[in-house]
$ cat data26.txt   # compact mmCIF, C-alpha atoms and all ligand atoms
# COMPACT_ATOMS: atom_id res chain seq x y z
CA MET N 1 0.00 0.00 0.00
CA HIS N 2 2.87 2.39 0.83
CA SER N 3 4.21 1.97 -2.68
CA GLU N 4 1.07 3.69 -3.98
CA LEU N 5 1.79 6.82 -1.93
CA PRO N 6 3.80 9.67 -3.45
CA GLU N 7 7.33 9.79 -2.03
CA PRO N 8 8.28 12.82 0.09
CA ASP N 9 11.33 14.73 -1.13
CA ALA N 10 14.65 14.84 0.76
CA GLY N 11 13.75 18.02 2.68
CA GLN N 12 10.43 16.57 3.82
CA ARG N 13 12.10 13.32 4.89
CA ALA N 14 14.67 15.26 6.91
CA HIS N 15 11.85 17.21 8.57
CA SER N 16 10.07 13.98 9.47
CA GLU N 17 13.33 12.49 10.81
CA ARG N 18 13.73 15.45 13.20
CA LEU N 19 10.26 14.77 14.56
CA VAL N 20 10.97 11.03 14.79
CA ALA N 21 14.11 11.82 16.83
CA LEU N 22 11.97 13.80 19.28
CA ILE N 23 9.42 10.96 19.45
CA ARG N 24 12.19 8.41 20.08
CA ARG N 25 13.36 10.46 23.07
CA GLU N 26 9.80 10.46 24.45
CA ILE N 27 9.54 6.70 23.92
CA ASP N 28 12.76 6.24 25.92
CA ALA N 29 11.52 8.52 28.68
CA ALA N 30 8.24 6.56 28.80
CA GLY N 31 10.17 3.31 29.39
CA GLY N 32 9.99 1.94 25.84
CA ALA N 33 6.29 2.23 24.91
CA LEU N 34 4.55 5.54 24.20
CA ASP N 35 0.80 5.99 24.59
CA PHE N 36 -0.59 6.55 21.06
CA SER N 37 -2.41 9.71 22.12
CA ARG N 38 0.95 11.28 23.05
CA PHE N 39 2.42 10.09 19.75
CA MET N 40 -0.54 11.62 17.86
CA ASP N 41 -0.22 14.88 19.78
CA LEU N 42 3.48 15.13 18.86
CA ALA N 43 2.92 14.05 15.24
CA LEU N 44 0.29 16.76 14.77
CA TYR N 45 1.30 19.56 17.15
CA ALA N 46 4.97 19.36 18.26
CA PRO N 47 6.04 23.01 17.96
CA GLY N 48 7.62 23.70 14.56
CA LEU N 49 7.62 19.99 13.63
CA GLY N 50 4.09 18.57 13.95
CA TYR N 51 1.81 18.32 10.94
CA TYR N 52 -0.37 21.27 11.99
CA SER N 53 2.46 23.31 13.52
CA ALA N 54 4.87 23.27 10.58
CA GLY N 55 4.54 24.94 7.22
CA ALA N 56 3.03 22.29 4.89
CA THR N 57 0.04 23.28 2.73
CA LYS N 58 -2.38 20.69 4.24
CA PHE N 59 -5.76 22.01 3.06
CA GLY N 60 -7.20 22.12 -0.46
CA ALA N 61 -6.15 20.79 -3.85
CA ASP N 62 -2.39 21.28 -3.22
CA GLY N 63 -2.51 19.79 0.25
CA ASP N 64 -3.52 16.46 1.76
CA PHE N 65 -7.27 16.69 2.20
CA VAL N 66 -10.24 18.93 1.48
CA THR N 67 -12.73 20.02 4.12
CA ALA N 68 -16.24 21.37 3.47
CA PRO N 69 -15.24 25.07 3.77
CA GLU N 70 -12.32 24.47 1.39
CA LEU N 71 -14.66 23.31 -1.39
CA GLY N 72 -16.20 26.77 -1.84
CA PHE N 73 -18.69 29.06 -0.12
CA VAL N 74 -21.84 26.91 0.07
CA PHE N 75 -21.14 25.28 3.44
CA ALA N 76 -20.33 28.63 5.08
CA ARG N 77 -23.38 30.36 3.64
CA CYS N 78 -25.74 27.66 4.96
CA LEU N 79 -23.97 27.70 8.31
CA ALA N 80 -24.46 31.49 8.44
CA ARG N 81 -28.21 30.93 7.99
CA ALA N 82 -28.19 28.46 10.86
CA LEU N 83 -26.33 30.86 13.17
CA ALA N 84 -27.97 34.16 12.22
CA PRO N 85 -31.12 33.86 14.43
CA LEU N 86 -29.00 32.93 17.46
CA LEU N 87 -26.52 35.77 16.89
CA ARG N 88 -29.32 38.28 16.43
CA GLU N 89 -31.14 37.07 19.51
CA THR N 90 -28.11 37.03 21.81
CA HIS N 91 -26.29 40.02 20.25
CA GLY N 92 -23.49 37.62 20.85
CA ASP N 93 -20.05 36.57 19.68
CA ALA N 94 -18.87 33.74 17.48
CA LEU N 95 -15.93 31.54 18.44
CA GLU N 96 -14.41 29.19 15.90
CA LEU N 97 -12.15 26.36 17.07
CA GLY N 98 -9.40 25.03 14.80
CA PRO N 99 -10.10 27.41 11.91
CA GLY N 100 -7.61 25.79 9.50
CA SER N 101 -6.91 28.03 6.52
CA GLY N 102 -9.47 30.65 7.63
CA ALA N 103 -11.77 29.81 4.68
CA LEU N 104 -14.82 29.25 6.88
CA ALA N 105 -14.26 32.39 8.95
CA ALA N 106 -13.97 34.61 5.86
CA GLU N 107 -17.09 33.29 4.09
CA LEU N 108 -19.10 33.09 7.27
CA LEU N 109 -18.36 36.70 8.19
CA LEU N 110 -19.25 37.91 4.67
CA GLU N 111 -22.55 36.01 4.68
CA LEU N 112 -23.46 37.05 8.22
CA GLU N 113 -22.86 40.63 7.11
CA ARG N 114 -25.25 40.16 4.15
CA LEU N 115 -27.83 38.66 6.51
CA GLY N 116 -27.46 41.56 8.96
CA ALA N 117 -26.33 39.21 11.71
CA LEU N 118 -22.64 39.94 12.30
CA PRO N 119 -21.37 38.79 15.69
CA ARG N 120 -20.02 41.39 18.11
CA ARG N 121 -16.60 39.68 17.93
CA TYR N 122 -15.34 36.66 15.97
CA GLY N 123 -12.77 34.69 17.94
CA LEU N 124 -10.38 32.20 16.36
CA LEU N 125 -8.89 29.62 18.72
CA GLU N 126 -5.90 28.08 17.00
CA ARG N 127 -2.99 26.05 18.41
CA SER N 128 -0.77 26.40 15.37
CA ALA N 129 1.25 29.61 14.90
CA ASP N 130 1.71 28.80 11.22
CA LEU N 131 -2.04 28.48 10.66
CA ARG N 132 -2.72 31.73 12.54
CA GLU N 133 -0.61 33.56 9.98
CA ARG N 134 -2.46 31.94 7.11
CA GLN N 135 -5.82 32.80 8.67
CA ARG N 136 -4.74 36.42 9.06
CA ALA N 137 -3.68 36.61 5.40
CA ARG N 138 -6.89 34.94 4.21
CA LEU N 139 -9.15 37.31 6.15
CA HIS N 140 -7.12 40.29 5.01
CA ALA N 141 -7.49 39.23 1.37
CA GLN N 142 -11.18 38.26 1.50
CA CYS N 143 -12.84 40.61 3.96
CA PRO N 144 -10.43 43.39 5.01
CA HIS N 145 -13.32 45.58 6.19
CA LEU N 146 -14.28 42.93 8.79
CA GLU N 147 -10.78 42.25 10.15
CA GLY N 148 -11.44 44.56 13.08
CA LEU N 149 -14.03 42.10 14.44
CA VAL N 150 -11.58 39.24 14.64
CA ASP N 151 -9.46 38.18 17.63
CA TRP N 152 -7.00 35.29 17.88
CA LEU N 153 -7.26 33.50 21.20
CA ASP N 154 -4.82 31.22 23.02
CA ALA N 155 -7.54 29.79 25.24
CA PRO N 156 -11.34 29.88 25.44
CA PRO N 157 -12.62 33.22 26.80
CA ALA N 158 -12.36 33.45 30.59
CA ARG N 159 -15.30 35.87 30.88
CA PRO N 160 -18.87 34.61 30.35
CA TRP N 161 -20.06 35.08 26.77
CA ARG N 162 -23.11 34.47 24.60
CA GLY N 163 -23.42 33.35 21.03
CA ALA N 164 -22.18 30.52 18.85
CA LEU N 165 -19.20 28.20 19.02
CA ILE N 166 -18.27 26.45 15.78
CA ALA N 167 -15.86 23.61 15.07
CA ASN N 168 -15.61 21.89 11.71
CA GLU N 169 -13.43 18.78 11.65
CA VAL N 170 -11.71 19.57 14.93
CA ILE N 171 -12.83 16.71 17.18
CA ASP N 172 -11.43 14.15 14.72
CA ALA N 173 -8.01 15.78 15.21
CA LEU N 174 -8.06 15.37 19.01
CA PRO N 175 -5.67 12.57 20.01
CA VAL N 176 -7.00 9.07 20.68
CA ARG N 177 -5.76 6.06 22.68
CA LEU N 178 -5.77 2.76 20.84
CA PHE N 179 -6.84 -0.51 22.38
CA ALA N 180 -6.99 -4.15 21.38
CA LEU N 181 -9.54 -6.46 22.93
CA ARG N 182 -7.90 -9.87 22.74
CA LYS N 183 -8.87 -13.30 23.98
CA ASP N 184 -6.35 -12.77 26.81
CA GLY N 185 -7.64 -9.36 27.88
CA LEU N 186 -7.49 -5.64 27.14
CA PHE N 187 -4.26 -4.22 25.72
CA GLU N 188 -3.06 -0.80 24.77
CA ARG N 189 -1.62 -0.34 21.28
CA ALA N 190 1.45 1.84 21.81
CA VAL N 191 4.48 3.01 19.85
CA GLN N 192 7.97 1.63 20.38
CA VAL N 193 11.33 1.81 18.65
CA GLY N 194 11.70 -1.31 16.49
CA GLY N 195 14.82 -3.29 15.57
CA SER N 196 16.13 -1.00 12.83
CA GLY N 197 15.43 2.12 14.88
CA ARG N 198 12.12 2.67 13.08
CA LEU N 199 8.91 3.40 14.91
CA ASP N 200 6.86 0.29 15.42
CA TRP N 201 3.75 -0.98 17.20
CA CYS N 202 3.61 -2.86 20.46
CA GLU N 203 0.77 -4.02 22.67
CA VAL N 204 1.10 -3.53 26.42
CA GLU N 205 -1.29 -4.39 29.25
CA ALA N 206 -3.96 -1.73 29.63
CA ASP N 207 -3.62 0.61 32.60
CA ALA N 208 -6.51 1.56 34.89
CA GLY N 209 -7.35 4.66 32.84
CA LEU N 210 -7.71 2.71 29.61
CA TRP N 211 -9.82 0.02 31.34
CA ARG N 212 -12.14 2.73 32.63
CA ASP N 213 -12.42 4.50 29.26
CA VAL N 214 -12.99 1.31 27.25
CA ASP N 215 -15.47 0.02 29.79
CA GLY N 216 -17.33 3.35 29.70
CA ALA N 217 -17.44 3.35 25.90
CA LEU N 218 -18.25 -0.31 25.25
CA GLY N 219 -20.03 -1.46 28.39
CA ALA N 220 -21.72 -4.85 28.02
CA ARG N 221 -21.24 -4.72 24.23
CA ALA N 222 -17.57 -5.69 24.73
CA ALA N 223 -18.60 -9.29 25.32
CA THR N 224 -20.28 -9.50 21.90
CA LEU N 225 -17.36 -8.16 19.85
CA PRO N 226 -15.02 -10.44 17.89
CA ARG N 227 -11.42 -10.94 19.13
CA PRO N 228 -9.09 -9.34 18.41
CA TYR N 229 -11.06 -6.10 18.18
CA ARG N 230 -9.03 -2.95 17.70
CA SER N 231 -10.43 0.52 18.06
CA GLU N 232 -9.90 3.79 19.86
CA VAL N 233 -11.21 5.97 22.68
CA ARG N 234 -10.79 9.72 23.02
CA PRO N 235 -10.29 10.43 26.73
CA LEU N 236 -9.51 14.08 26.01
CA LEU N 237 -12.95 14.77 24.53
CA ALA N 238 -14.88 15.34 27.77
CA PRO N 239 -12.31 17.62 29.47
CA TRP N 240 -11.75 19.48 26.18
CA LEU N 241 -15.50 20.05 25.65
CA ALA N 242 -15.86 21.23 29.24
CA GLU N 243 -12.97 23.65 28.76
CA VAL N 244 -14.16 25.14 25.46
CA THR N 245 -17.79 25.56 26.55
CA ARG N 246 -17.25 26.51 30.23
CA SER N 247 -17.71 30.26 29.76
CA LEU N 248 -20.53 29.99 27.15
CA GLU N 249 -23.43 31.17 29.30
CA ARG N 250 -26.10 31.22 26.57
CA GLY N 251 -26.02 29.98 23.02
CA ALA N 252 -25.06 26.92 21.05
CA ALA N 253 -21.97 24.94 20.12
CA LEU N 254 -22.01 23.34 16.71
CA PHE N 255 -19.66 20.48 15.83
CA VAL N 256 -19.44 19.08 12.30
CA ASP N 257 -17.39 15.97 11.71
CA TYR N 258 -17.32 12.49 10.27
CA GLY N 259 -18.57 10.03 12.81
CA TYR N 260 -20.97 7.37 13.96
CA ARG N 261 -23.93 7.56 16.30
CA GLY N 262 -26.74 5.48 17.72
CA GLY N 263 -24.38 2.92 19.28
CA SER N 264 -22.75 2.11 15.94
CA PHE N 265 -19.19 3.35 16.56
CA TYR N 266 -18.07 0.04 18.05
CA ALA N 267 -19.82 -2.14 15.46
CA PRO N 268 -18.55 -5.75 15.25
CA GLN N 269 -17.55 -5.32 11.59
CA ARG N 270 -15.36 -2.27 12.42
CA ARG N 271 -12.76 -4.45 14.06
CA GLU N 272 -9.78 -2.34 12.94
CA GLY N 273 -11.22 0.93 14.28
CA THR N 274 -11.52 4.24 12.46
CA LEU N 275 -8.01 5.72 12.55
CA ARG N 276 -7.07 7.20 9.16
CA CYS N 277 -4.16 9.16 7.71
CA HIS N 278 -4.32 11.63 4.85
CA TYR N 279 -1.36 12.24 2.66
CA ARG N 280 -1.71 14.12 -0.62
CA HIS N 281 -5.33 13.10 -1.12
CA ARG N 282 -4.67 9.43 -0.38
CA ALA N 283 -6.20 7.89 2.73
CA HIS N 284 -4.38 5.00 4.41
CA ASP N 285 -4.10 3.54 7.89
CA ASP N 286 -0.43 3.71 8.90
CA PRO N 287 0.09 6.63 11.31
CA LEU N 288 3.74 5.67 11.90
CA LEU N 289 4.60 6.54 8.32
CA TRP N 290 6.39 9.89 7.89
CA PRO N 291 5.32 11.55 11.15
CA GLY N 292 4.78 15.26 10.63
CA LEU N 293 4.05 14.94 6.92
CA GLN N 294 0.55 13.51 7.11
CA ASP N 295 -2.70 14.17 8.90
CA ILE N 296 -3.89 11.60 11.46
CA THR N 297 -7.54 11.47 12.42
CA ALA N 298 -10.13 9.15 13.92
CA TRP N 299 -13.88 9.28 13.41
CA VAL N 300 -16.02 10.91 16.06
CA ASP N 301 -18.18 8.84 18.41
CA PHE N 302 -21.22 11.15 18.56
CA ASP N 303 -22.59 9.13 21.51
CA ALA N 304 -19.43 9.98 23.47
CA LEU N 305 -19.90 13.64 22.49
CA ALA N 306 -23.52 13.58 23.76
CA ALA N 307 -22.36 12.03 27.06
CA ALA N 308 -19.63 14.65 27.41
CA ALA N 309 -22.19 17.38 26.65
CA ALA N 310 -24.58 16.09 29.32
CA ALA N 311 -21.72 16.05 31.83
CA CYS N 312 -21.17 19.77 31.29
CA GLY N 313 -24.85 20.71 31.36
CA LEU N 314 -25.37 21.18 27.61
CA ALA N 315 -28.55 19.94 25.92
CA ALA N 316 -27.80 17.99 22.74
CA ASP N 317 -30.14 18.11 19.71
CA PRO N 318 -30.31 14.81 17.83
CA VAL N 319 -27.29 14.61 15.51
CA MET N 320 -28.31 15.19 11.89
CA THR N 321 -26.52 14.38 8.69
CA GLN N 322 -24.63 17.20 7.00
CA ALA N 323 -26.94 16.89 3.96
CA ARG N 324 -30.03 17.36 6.09
CA PHE N 325 -28.44 20.25 7.97
CA LEU N 326 -27.52 22.10 4.77
CA ILE N 327 -30.91 21.46 3.13
CA GLY N 328 -32.63 22.68 6.30
CA HIS N 329 -30.57 25.87 6.29
CA GLY N 330 -31.12 27.35 2.88
CA LEU N 331 -29.10 25.13 0.53
CA ASP N 332 -31.69 25.62 -2.24
CA GLU N 333 -31.60 29.39 -1.95
CA VAL N 334 -27.81 29.55 -1.65
CA PHE N 335 -27.48 27.36 -4.74
CA SER N 336 -30.00 29.22 -6.91
CA ASP N 337 -28.64 32.68 -5.97
CA ALA N 338 -25.08 31.60 -6.74
CA HIS N 339 -26.16 29.85 -9.93
CA ALA N 340 -28.00 32.92 -11.18
CA THR N 341 -25.02 35.20 -10.58
CA ALA N 342 -22.25 32.77 -11.63
CA ARG N 343 -19.67 34.25 -14.00
CA ASP N 344 -19.73 31.45 -16.56
CA GLU N 345 -20.42 27.79 -17.25
CA THR N 346 -17.24 26.70 -15.40
CA ALA N 347 -18.37 28.48 -12.25
CA ARG N 348 -21.82 26.84 -12.52
CA PHE N 349 -20.20 23.42 -12.99
CA ARG N 350 -17.96 23.99 -9.94
CA LEU N 351 -20.94 25.03 -7.88
CA ALA N 352 -22.87 21.88 -8.81
CA GLN N 353 -19.82 19.74 -7.97
CA GLU N 354 -19.47 21.46 -4.62
CA VAL N 355 -23.09 20.79 -3.71
CA LYS N 356 -22.70 17.15 -4.73
CA ARG N 357 -19.58 16.69 -2.57
CA LEU N 358 -21.32 18.30 0.39
CA THR N 359 -24.57 16.34 0.18
CA LEU N 360 -24.21 12.99 -1.61
CA PRO N 361 -24.45 10.12 0.90
CA ALA N 362 -21.17 8.49 -0.18
CA GLU N 363 -19.36 11.84 -0.12
CA MET N 364 -19.82 14.17 2.88
CA GLY N 365 -23.63 14.11 2.99
CA GLU N 366 -24.15 11.19 5.33
CA ARG N 367 -20.67 10.41 6.58
CA PHE N 368 -20.63 13.80 8.29
CA GLY N 369 -22.89 14.62 11.20
CA VAL N 370 -23.81 17.94 12.80
CA ALA N 371 -24.12 18.00 16.58
CA ILE N 372 -25.70 21.07 18.15
CA LEU N 373 -25.26 21.49 21.91
CA ARG N 374 -27.25 24.21 23.61
CA ARG N 375 -27.10 26.22 26.80
C1 LIG I 401 -8.75 18.95 10.01
S1 LIG I 401 -8.31 20.57 10.45
C2 LIG I 401 -9.82 21.41 10.13
C3 LIG I 401 -9.62 22.85 9.80
C4 LIG I 401 -10.87 23.68 9.50
N1 LIG I 401 -11.78 23.71 10.61
C5 LIG I 401 -11.54 23.21 8.24
O1 LIG I 401 -12.67 22.75 8.33
O2 LIG I 401 -10.94 23.31 7.16
C6 LIG I 401 -8.18 20.50 12.21
C7 LIG I 401 -7.94 21.83 12.89
O3 LIG I 401 -8.14 21.68 14.31
C8 LIG I 401 -7.12 22.38 15.00
N2 LIG I 401 -7.05 21.86 16.36
C9 LIG I 401 -6.71 20.64 16.76
N3 LIG I 401 -6.78 20.52 18.09
C10 LIG I 401 -7.22 21.70 18.55
C11 LIG I 401 -7.53 22.21 19.87
N4 LIG I 401 -7.35 21.47 20.94
N5 LIG I 401 -7.97 23.48 19.94
C12 LIG I 401 -8.14 24.23 18.84
N6 LIG I 401 -7.85 23.80 17.60
C13 LIG I 401 -7.40 22.57 17.45
C14 LIG I 401 -5.92 22.18 14.08
O4 LIG I 401 -4.87 23.08 14.37
C15 LIG I 401 -6.57 22.43 12.72
O5 LIG I 401 -6.69 23.81 12.44
$ encode --input "data26.txt" --output "structure tokens"
Amino acid sequence: MHSELPEPDAGQRAHSERLVALIRREIDAAGGALDFSRFMDLALYAPGLGYYSAGATKFGADGDFVTAPELGFVFARCLARALAPLLRETHGDALELGPGSGALAAELLLELERLGALPRRYGLLERSADLRERQRARLHAQCPHLEGLVDWLDAPPARPWRGALIANEVIDALPVRLFALRKDGLFERAVQVGGSGRLDWCEVEADAGLWRDVDGALGARAATLPRPYRSEVRPLLAPWLAEVTRSLERGAALFVDYGYRGGSFYAPQRREGTLRCHYRHRAHDDPLLWPGLQDITAWVDFDALAAAAAACGLAADPVMTQARFLIGHGLDEVFSDAHATARDETARFRLAQEVKRLTLPAEMGERFGVAILRR
């Protein structure tokens, strides 16, 4: 499978090797086996070296993957229609987590302006210094007259605030722990240094934290799953959700991501879990390959998100598919307005393609869910 992936050049390999050297030191310090969630955190966010912290293109046609806001403006315009009543009613702020290239922020602000529903402030919470710079440039190019509304935040606001929190494809990027249910018990899938000095897998006995998390996620269903059964849990989700919503005193938090719900995340047929890597528009399942050069994600367990929401006093609407969400928030109108004013046939074709990608069941339409949590 690796042979089908495009080879990184010498500079990219050297970059990845620097990150691998850092990871090896952490493996040593951890006694020989590193928790996968720590590996994933380093691979994505190690300062200056991790996938999201270093300078690679990542998003869009020249990068590794395309997200809904990167396809065009349709997603953002529908989202603006969903948020406008809430922003008008609360006279509140908007806070976007993990804003990527800034594409969503720019289109959302422009559409909210057209709808007469601009937030008081638009906060961008971003871990990566490199991405902050790109977001700044994007907003400056696309909506310079609205730049004054935008703040970059290092942490969620400390003071109570009202309005809307938005996160598109952020939860899938939060680190996961990997487990293997075997005939002889529960094991953690961790990262070690293999014979030739390369990163390699190992399975170690699960610690108390992993037992608790797997038990909480699987409950009695564990007994019905085939062995071995490999999957993941995201212990960071509940504390992270509590942290990012703590000061939201009235409003809604909207999370869009690929995921499963209704008890289907740990389905018997999904016995290798949901971890995926994205490298130059190819998806594969080897996160130890070229750390720092590829995205690593795992699907979202929307049931775990609902449980985490309940624990912090948020009321969860039933999760809906992205297609249903967009159709329910003006997709028809957005499409016909844009179609009527499109420059030429190419623009109309692109628009139709964008709507297909966003809504077709096998594309983003049903694989993506929208969770709205209210307070
Ligand atoms: C897959 S990208 C999605 C980017 C963008 N939202 C989009 O839809 O194109 C994941 C984003 O989440 C950010 N991220 C990951 N963990 C985060 C955290 N704990 N807080 C804020 N942002 C985070 C990454 O830096 C990156 O911008």
$ closest_atom_pairs --input "data26.txt" --of "chain N" --to "ligand LIG 401 (chain I)" --cutoff "6 Å" --atoms "all atoms listed in the file" --output "CSV"
residue,atom,partner,partner_atom,distance
N:Tyr52,CA,I:LIG401,O4,5.4
N:Thr67,CA,I:LIG401,O2,4.8
N:Pro69,CA,I:LIG401,O1,5.7
N:Leu97,CA,I:LIG401,C12,4.9
N:Gly98,CA,I:LIG401,N6,3.4
N:Pro99,CA,I:LIG401,N1,4.3
N:Gly100,CA,I:LIG401,C3,3.6
N:Leu125,CA,I:LIG401,C12,5.4
N:Glu126,CA,I:LIG401,N6,4.7
N:Arg127,CA,I:LIG401,O4,5.4
N:Ser128,CA,I:LIG401,O4,5.4
N:Asn168,CA,I:LIG401,N1,4.4
N:Glu169,CA,I:LIG401,C2,4.7
N:Val170,CA,I:LIG401,O3,4.2
N:Ala173,CA,I:LIG401,C9,5.3
N:Leu174,CA,I:LIG401,N3,5.4
$ closest_residue --input "data26.txt" --among "N:Ala30, N:Ala46, N:Ala323, N:Leu5" --to "Val256 (chain N)" --atoms "all atoms listed in the file"
N:Ala323
$ closest_residue --input "data26.txt" --among "N:Pro318, N:Ile166, N:Arg357, N:Arg221" --to "Ala82 (chain N)" --atoms "all atoms listed in the file"
N:Ile166
$ residues_around --input "data26.txt" --residues "region 57-61 of chain N" --least-positions-apart "5" --cutoff "10 Å" --atoms "only C-alpha atoms" --output "ChimeraX atom specification"
/N:51-52,66-71,100-101,103,131,278-281,293-295
$ residues_around --input "data26.txt" --residues "Gln142 (chain N)" --least-positions-apart "5" --cutoff "9 Å" --atoms "all atoms listed in the file" --output "list of chain:residue names"
N:Ala106, N:Glu107, N:Leu110, N:Ala137
$ residues_around --input "data26.txt" --residues "Asp9 (chain N)" --least-positions-apart "5" --cutoff "12 Å" --atoms "all atoms listed in the file" --output "PyMOL selection string"
chain N and resi 14-16+290+293
$ atom_distance --input "data26.txt" --atom1 "CA of Cys143 (chain N)" --atom2 "CA of Ala347 (chain N)"
21.0 Å
$ closest_residue --input "data26.txt" --among "N:Arg136, N:His91, N:Arg18, N:Arg375" --to "Pro119 (chain N)" --atoms "all atoms listed in the file"
N:His91
